[in-house]
>>> print(open('start.tsv').read())   # TSV, C-alpha atoms
chain	number	residue	atom	x	y	z
A	1	MET	CA	13.19	-6.51	-13.22
A	2	ARG	CA	14.19	-4.20	-10.36
A	3	ARG	CA	12.80	-1.11	-12.08
A	4	ILE	CA	9.54	-2.90	-12.83
A	5	LEU	CA	9.19	-3.92	-9.17
A	6	ALA	CA	10.03	-0.39	-8.01
A	7	GLY	CA	7.49	1.07	-10.42
A	8	LEU	CA	4.78	-1.36	-9.33
A	9	ASN	CA	5.41	-0.58	-5.67
A	10	VAL	CA	5.32	3.18	-6.28
A	11	ALA	CA	2.07	2.77	-8.21
A	12	MET	CA	0.48	0.71	-5.43
A	13	ALA	CA	1.62	3.12	-2.71
A	14	ALA	CA	0.48	6.15	-4.69
A	15	GLY	CA	-2.84	4.50	-5.45
A	16	SER	CA	-3.44	3.84	-1.77
A	17	ALA	CA	-2.54	7.41	-0.81
A	18	VAL	CA	-4.72	8.91	-3.54
A	19	ALA	CA	-7.64	6.66	-2.58
A	20	ALA	CA	-7.24	7.77	1.04
A	21	VAL	CA	-7.28	11.46	0.13
A	22	ILE	CA	-10.33	10.94	-2.09
A	23	ALA	CA	-12.04	9.09	0.77
A	24	VAL	CA	-11.55	12.09	3.06
A	25	ALA	CA	-13.33	14.26	0.50
A	26	ARG	CA	-16.00	11.63	-0.30
A	27	PRO	CA	-16.10	9.12	2.57
A	28	THR	CA	-19.18	7.35	1.22
A	29	LEU	CA	-16.91	5.79	-1.43
A	30	LEU	CA	-15.60	3.57	1.38
A	31	LEU	CA	-19.03	2.02	1.92
A	32	PRO	CA	-20.55	-1.01	0.24
A	33	ALA	CA	-23.21	-0.14	-2.33
A	34	GLY	CA	-26.51	0.73	-0.72
A	35	SER	CA	-25.07	1.46	2.73
A	36	GLU	CA	-25.97	4.59	4.64
A	37	PRO	CA	-23.17	6.74	6.08
A	38	THR	CA	-22.81	7.05	9.85
A	39	ALA	CA	-21.31	9.75	12.03
A	40	GLY	CA	-18.04	7.80	12.36
A	41	LEU	CA	-17.44	7.47	8.64
A	42	GLN	CA	-15.52	10.75	8.30
A	43	VAL	CA	-13.34	9.81	11.27
A	44	TYR	CA	-12.56	6.46	9.65
A	45	ALA	CA	-11.72	8.12	6.34
A	46	GLU	CA	-9.38	10.56	8.05
A	47	ALA	CA	-7.74	7.78	10.09
A	48	TYR	CA	-7.23	5.81	6.90
A	49	ALA	CA	-5.60	8.83	5.22
A	50	VAL	CA	-3.20	9.61	8.07
A	51	ARG	CA	-1.91	6.05	7.79
A	52	ALA	CA	-1.88	5.65	4.03
A	53	VAL	CA	-0.25	8.93	3.00
A	54	PRO	CA	2.83	8.79	5.29
A	55	LEU	CA	3.27	5.07	4.66
A	56	ALA	CA	3.25	5.68	0.91
A	57	ALA	CA	5.78	8.49	1.34
A	58	ALA	CA	8.05	6.26	3.45
A	59	LEU	CA	7.85	3.48	0.89
A	60	VAL	CA	8.69	5.78	-2.02
A	61	TYR	CA	11.63	7.19	-0.02
A	62	ALA	CA	12.89	3.70	0.79
A	63	LEU	CA	12.55	2.67	-2.86
A	64	LYS	CA	14.77	5.59	-3.86
A	65	GLY	CA	17.72	4.05	-2.06
A	66	GLU	CA	17.26	3.70	1.70
A	67	ARG	CA	18.28	0.04	1.40
A	68	ARG	CA	18.23	-0.87	5.08
A	69	ALA	CA	14.65	0.33	5.49
A	70	LEU	CA	13.21	-1.09	2.29
A	71	VAL	CA	12.27	-4.63	3.32
A	72	PRO	CA	10.72	-3.58	6.67
A	73	VAL	CA	8.77	-0.75	5.03
A	74	LEU	CA	7.56	-3.10	2.30
A	75	ALA	CA	6.50	-5.61	4.97
A	76	VAL	CA	4.57	-2.97	6.93
A	77	ALA	CA	2.94	-1.61	3.77
A	78	GLY	CA	2.02	-5.14	2.72
A	79	ALA	CA	0.54	-5.93	6.13
A	80	ALA	CA	-1.51	-2.73	6.05
A	81	GLN	CA	-2.80	-3.64	2.61
A	82	LEU	CA	-3.69	-7.15	3.78
A	83	GLY	CA	-5.76	-5.46	6.49
A	84	ASP	CA	-7.43	-3.26	3.90
A	85	ALA	CA	-8.20	-6.31	1.76
A	86	TYR	CA	-9.70	-8.12	4.75
A	87	ILE	CA	-11.88	-5.12	5.59
A	88	GLY	CA	-12.93	-4.94	1.94
A	89	VAL	CA	-13.93	-8.60	1.92
A	90	SER	CA	-15.73	-8.45	5.27
A	91	GLN	CA	-17.62	-5.26	4.37
A	92	GLY	CA	-18.30	-6.04	0.72
A	93	VAL	CA	-16.21	-3.18	-0.69
A	94	THR	CA	-14.88	-4.55	-3.97
A	95	GLY	CA	-12.38	-1.76	-4.68
A	96	MET	CA	-10.80	-2.12	-1.25
A	97	THR	CA	-10.68	-5.90	-1.65
A	98	VAL	CA	-9.04	-5.85	-5.08
A	99	GLY	CA	-6.76	-2.88	-4.43
A	100	GLY	CA	-5.63	-4.17	-1.05
A	101	THR	CA	-4.96	-7.63	-2.41
A	102	LEU	CA	-2.94	-6.35	-5.38
A	103	ALA	CA	-0.96	-3.91	-3.26
A	104	ALA	CA	-0.28	-6.52	-0.54
A	105	ALA	CA	0.91	-9.03	-3.14
A	106	THR	CA	3.15	-6.40	-4.74
A	107	HIS	CA	4.71	-5.13	-1.49
A	108	LEU	CA	5.10	-8.53	0.17
A	109	GLY	CA	6.26	-10.20	-3.03
A	110	THR	CA	8.89	-7.52	-3.52
A	111	ALA	CA	10.09	-7.87	0.08
A	112	TRP	CA	10.39	-11.63	-0.45
A	113	TRP	CA	12.25	-11.09	-3.73
A	114	LEU	CA	14.69	-8.68	-2.06
A	115	ILE	CA	15.37	-11.11	0.76
A	116	ARG	CA	16.05	-13.88	-1.74
A	117	HIS	CA	18.37	-11.57	-3.71
A	118	SER	CA	19.99	-9.86	-0.74
A	119	GLY	CA	23.09	-9.00	-2.72
A	120	ALA	CA	21.06	-6.97	-5.20
A	121	PRO	CA	21.19	-3.16	-5.09
A	122	ALA	CA	18.16	-1.20	-3.92
A	123	LEU	CA	15.34	-1.22	-6.45
A	124	GLY	CA	15.45	2.50	-7.15
A	125	ASN	CA	19.19	2.35	-7.83
A	126	ALA	CA	19.06	-0.46	-10.37
A	127	ALA	CA	21.03	-0.05	-13.56
>>> encode(input="start.tsv", output="structure tokens")
Amino acid sequence: MRRILAGLNVAMAAGSAVAAVIAVARPTLLLPAGSEPTAGLQVYAEAYAVRAVPLAAALVYALKGERRALVPVLAVAGAAQLGDAYIGVSQGVTGMTVGGTLAAATHLGTAWWLIRHSGAPALGNAA
């Protein structure tokens, strides 16, 4: 179970980071269908990437055994993904809605699971 949760969290974090890098290269992917890009779109894409990439890296590092940091990093990553999901819903961006919701559920669900099983070893160190 621990390895499955670790793998899911790595996949969600990596997916967010990859999506952010792709958005820097093609920021119009962040827009709802039929929307016209504005001058601020590139700035938004870059701001999204400078949050998503380091957060994904911190989460992967914490999953590899930084036990004390894992629950707080999962909570922050989950909160960020909830924000992404909300933006996706409010702007009509299906990929952001679905991806943010799945990632938030994964990160926050894992944090909850770890709190409930506080005696368990870090996910990345599971036997």
>>> closest_residue(input="start.tsv", among="A:Ile87, A:Ala33, A:Ala45, A:Leu8", to="Leu108 of chain A", atoms="only C-alpha atoms")
A:Leu8
>>> closest_atom_pairs(input="start.tsv", of="segment 73-126 of chain A", to="segment 11-25 of chain A", cutoff="12 Å", atoms="only C-alpha atoms", output="CSV")
residue,atom,partner,partner_atom,distance
A:Val73,CA,A:Ala13,CA,11.2
A:Leu74,CA,A:Ala13,CA,10.0
A:Val76,CA,A:Ala13,CA,11.8
A:Ala77,CA,A:Ala13,CA,8.1
A:Gly78,CA,A:Ala13,CA,9.9
A:Ala80,CA,A:Ser16,CA,10.4
A:Gln81,CA,A:Ser16,CA,8.7
A:Asp84,CA,A:Ser16,CA,9.9
A:Ala85,CA,A:Ser16,CA,11.8
A:Gly95,CA,A:Ala19,CA,9.9
A:Met96,CA,A:Ala19,CA,9.4
A:Val98,CA,A:Met12,CA,11.6
A:Gly99,CA,A:Ser16,CA,8.0
A:Gly100,CA,A:Ser16,CA,8.3
A:Thr101,CA,A:Met12,CA,10.4
A:Leu102,CA,A:Met12,CA,7.8
A:Ala103,CA,A:Met12,CA,5.3
A:Ala104,CA,A:Met12,CA,8.8
A:Ala105,CA,A:Met12,CA,10.0
A:Thr106,CA,A:Met12,CA,7.6
A:His107,CA,A:Met12,CA,8.2
A:Leu108,CA,A:Met12,CA,11.8
A:Thr110,CA,A:Met12,CA,11.9
>>> atom_distance(input="start.tsv", atom1="atom CA of Pro27 of chain A", atom2="atom CA of Val43 of chain A")
9.2 Å
>>> atom_distance(input="start.tsv", atom1="atom CA of Ala6 of chain A", atom2="atom CA of Arg116 of chain A")
16.0 Å
>>> closest_residue(input="start.tsv", among="A:Val93, A:Tyr86, A:Pro72, A:Val10", to="Ala111 of chain A", atoms="all atoms listed in the file")
A:Pro72
>>> atom_distance(input="start.tsv", atom1="atom CA of Leu63 of chain A", atom2="atom CA of Ala79 of chain A")
17.3 Å
>>> closest_residue(input="start.tsv", among="A:Arg68, A:Ala57, A:Gln91, A:Leu114", to="Pro32 of chain A", atoms="all atoms listed in the file")
A:Gln91
>>> axis_aligned_box(input="start.tsv", around="segment 43-47 of chain A", padding_each_side="6 Å", output="JSON")
{"center_x": -10.5, "center_y": 8.5, "center_z": 8.8, "size_x": 17.6, "size_y": 16.1, "size_z": 16.9}
>>> build_atoms(input="start.tsv", residues="segment 33-65 of chain A", atoms="N, CA and C atoms", output="PDB file, keeping the file's coordinate frame")
ATOM      1  N   ALA A  33     -22.059  -0.715  -1.615  1.00  0.00           N
ATOM      2  CA  ALA A  33     -23.210  -0.140  -2.330  1.00  0.00           C
ATOM      3  C   ALA A  33     -24.473  -0.303  -1.499  1.00  0.00           C
ATOM      4  N   GLY A  34     -25.242   0.760  -1.428  1.00  0.00           N
ATOM      5  CA  GLY A  34     -26.510   0.730  -0.720  1.00  0.00           C
ATOM      6  C   GLY A  34     -26.431   1.007   0.765  1.00  0.00           C
ATOM      7  N   SER A  35     -25.217   1.183   1.305  1.00  0.00           N
ATOM      8  CA  SER A  35     -25.070   1.460   2.730  1.00  0.00           C
ATOM      9  C   SER A  35     -25.283   2.939   3.020  1.00  0.00           C
ATOM     10  N   GLU A  36     -25.772   3.216   4.198  1.00  0.00           N
ATOM     11  CA  GLU A  36     -25.970   4.590   4.640  1.00  0.00           C
ATOM     12  C   GLU A  36     -24.772   5.034   5.487  1.00  0.00           C
ATOM     13  N   PRO A  37     -24.299   6.252   5.276  1.00  0.00           N
ATOM     14  CA  PRO A  37     -23.170   6.740   6.080  1.00  0.00           C
ATOM     15  C   PRO A  37     -23.581   6.959   7.540  1.00  0.00           C
ATOM     16  N   THR A  38     -22.613   6.798   8.424  1.00  0.00           N
ATOM     17  CA  THR A  38     -22.810   7.050   9.850  1.00  0.00           C
ATOM     18  C   THR A  38     -21.912   8.196  10.286  1.00  0.00           C
ATOM     19  N   ALA A  39     -22.091   8.632  11.515  1.00  0.00           N
ATOM     20  CA  ALA A  39     -21.310   9.750  12.030  1.00  0.00           C
ATOM     21  C   ALA A  39     -19.815   9.425  12.078  1.00  0.00           C
ATOM     22  N   GLY A  40     -19.448   8.179  12.258  1.00  0.00           N
ATOM     23  CA  GLY A  40     -18.040   7.800  12.360  1.00  0.00           C
ATOM     24  C   GLY A  40     -17.333   7.637  11.041  1.00  0.00           C
ATOM     25  N   LEU A  41     -18.054   7.719   9.940  1.00  0.00           N
ATOM     26  CA  LEU A  41     -17.440   7.470   8.640  1.00  0.00           C
ATOM     27  C   LEU A  41     -16.337   8.480   8.314  1.00  0.00           C
ATOM     28  N   GLN A  42     -16.550   9.738   8.582  1.00  0.00           N
ATOM     29  CA  GLN A  42     -15.520  10.750   8.300  1.00  0.00           C
ATOM     30  C   GLN A  42     -14.286  10.504   9.141  1.00  0.00           C
ATOM     31  N   VAL A  43     -14.474  10.112  10.395  1.00  0.00           N
ATOM     32  CA  VAL A  43     -13.340   9.810  11.270  1.00  0.00           C
ATOM     33  C   VAL A  43     -12.540   8.635  10.698  1.00  0.00           C
ATOM     34  N   TYR A  44     -13.242   7.613  10.235  1.00  0.00           N
ATOM     35  CA  TYR A  44     -12.560   6.460   9.650  1.00  0.00           C
ATOM     36  C   TYR A  44     -11.773   6.885   8.406  1.00  0.00           C
ATOM     37  N   ALA A  45     -12.391   7.680   7.560  1.00  0.00           N
ATOM     38  CA  ALA A  45     -11.720   8.120   6.340  1.00  0.00           C
ATOM     39  C   ALA A  45     -10.451   8.911   6.674  1.00  0.00           C
ATOM     40  N   GLU A  46     -10.544   9.770   7.654  1.00  0.00           N
ATOM     41  CA  GLU A  46      -9.380  10.560   8.050  1.00  0.00           C
ATOM     42  C   GLU A  46      -8.300   9.678   8.676  1.00  0.00           C
ATOM     43  N   ALA A  47      -8.709   8.704   9.483  1.00  0.00           N
ATOM     44  CA  ALA A  47      -7.740   7.780  10.090  1.00  0.00           C
ATOM     45  C   ALA A  47      -7.051   6.948   9.022  1.00  0.00           C
ATOM     46  N   TYR A  48      -7.800   6.566   8.016  1.00  0.00           N
ATOM     47  CA  TYR A  48      -7.230   5.810   6.900  1.00  0.00           C
ATOM     48  C   TYR A  48      -6.184   6.678   6.181  1.00  0.00           C
ATOM     49  N   ALA A  49      -6.509   7.932   5.942  1.00  0.00           N
ATOM     50  CA  ALA A  49      -5.600   8.830   5.220  1.00  0.00           C
ATOM     51  C   ALA A  49      -4.321   9.110   6.003  1.00  0.00           C
ATOM     52  N   VAL A  50      -4.422   9.298   7.314  1.00  0.00           N
ATOM     53  CA  VAL A  50      -3.200   9.610   8.070  1.00  0.00           C
ATOM     54  C   VAL A  50      -2.291   8.397   8.206  1.00  0.00           C
ATOM     55  N   ARG A  51      -2.768   7.227   7.865  1.00  0.00           N
ATOM     56  CA  ARG A  51      -1.910   6.050   7.790  1.00  0.00           C
ATOM     57  C   ARG A  51      -1.372   5.882   6.379  1.00  0.00           C
ATOM     58  N   ALA A  52      -2.248   5.970   5.406  1.00  0.00           N
ATOM     59  CA  ALA A  52      -1.880   5.650   4.030  1.00  0.00           C
ATOM     60  C   ALA A  52      -0.900   6.643   3.416  1.00  0.00           C
ATOM     61  N   VAL A  53      -1.103   7.914   3.648  1.00  0.00           N
ATOM     62  CA  VAL A  53      -0.250   8.930   3.000  1.00  0.00           C
ATOM     63  C   VAL A  53       1.198   8.867   3.522  1.00  0.00           C
ATOM     64  N   PRO A  54       1.432   8.881   4.845  1.00  0.00           N
ATOM     65  CA  PRO A  54       2.830   8.790   5.290  1.00  0.00           C
ATOM     66  C   PRO A  54       3.478   7.447   4.959  1.00  0.00           C
ATOM     67  N   LEU A  55       2.707   6.374   5.000  1.00  0.00           N
ATOM     68  CA  LEU A  55       3.270   5.070   4.660  1.00  0.00           C
ATOM     69  C   LEU A  55       3.689   5.033   3.194  1.00  0.00           C
ATOM     70  N   ALA A  56       2.884   5.603   2.334  1.00  0.00           N
ATOM     71  CA  ALA A  56       3.250   5.680   0.910  1.00  0.00           C
ATOM     72  C   ALA A  56       4.511   6.519   0.735  1.00  0.00           C
ATOM     73  N   ALA A  57       4.587   7.632   1.443  1.00  0.00           N
ATOM     74  CA  ALA A  57       5.780   8.490   1.340  1.00  0.00           C
ATOM     75  C   ALA A  57       7.022   7.753   1.828  1.00  0.00           C
ATOM     76  N   ALA A  58       6.909   7.017   2.930  1.00  0.00           N
ATOM     77  CA  ALA A  58       8.050   6.260   3.450  1.00  0.00           C
ATOM     78  C   ALA A  58       8.477   5.175   2.468  1.00  0.00           C
ATOM     79  N   LEU A  59       7.521   4.530   1.844  1.00  0.00           N
ATOM     80  CA  LEU A  59       7.850   3.480   0.890  1.00  0.00           C
ATOM     81  C   LEU A  59       8.550   4.051  -0.344  1.00  0.00           C
ATOM     82  N   VAL A  60       8.047   5.157  -0.852  1.00  0.00           N
ATOM     83  CA  VAL A  60       8.690   5.780  -2.020  1.00  0.00           C
ATOM     84  C   VAL A  60      10.110   6.219  -1.651  1.00  0.00           C
ATOM     85  N   TYR A  61      10.297   6.786  -0.477  1.00  0.00           N
ATOM     86  CA  TYR A  61      11.630   7.190  -0.020  1.00  0.00           C
ATOM     87  C   TYR A  61      12.556   5.978   0.064  1.00  0.00           C
ATOM     88  N   ALA A  62      12.070   4.901   0.655  1.00  0.00           N
ATOM     89  CA  ALA A  62      12.890   3.700   0.790  1.00  0.00           C
ATOM     90  C   ALA A  62      13.229   3.111  -0.582  1.00  0.00           C
ATOM     91  N   LEU A  63      12.296   3.177  -1.503  1.00  0.00           N
ATOM     92  CA  LEU A  63      12.550   2.670  -2.860  1.00  0.00           C
ATOM     93  C   LEU A  63      13.606   3.488  -3.590  1.00  0.00           C
ATOM     94  N   LYS A  64      13.780   4.736  -3.198  1.00  0.00           N
ATOM     95  CA  LYS A  64      14.770   5.590  -3.860  1.00  0.00           C
ATOM     96  C   LYS A  64      16.186   5.323  -3.365  1.00  0.00           C
ATOM     97  N   GLY A  65      16.357   4.401  -2.426  1.00  0.00           N
ATOM     98  CA  GLY A  65      17.720   4.050  -2.060  1.00  0.00           C
ATOM     99  C   GLY A  65      18.000   3.835  -0.591  1.00  0.00           C
TER     100      GLY A  65
END
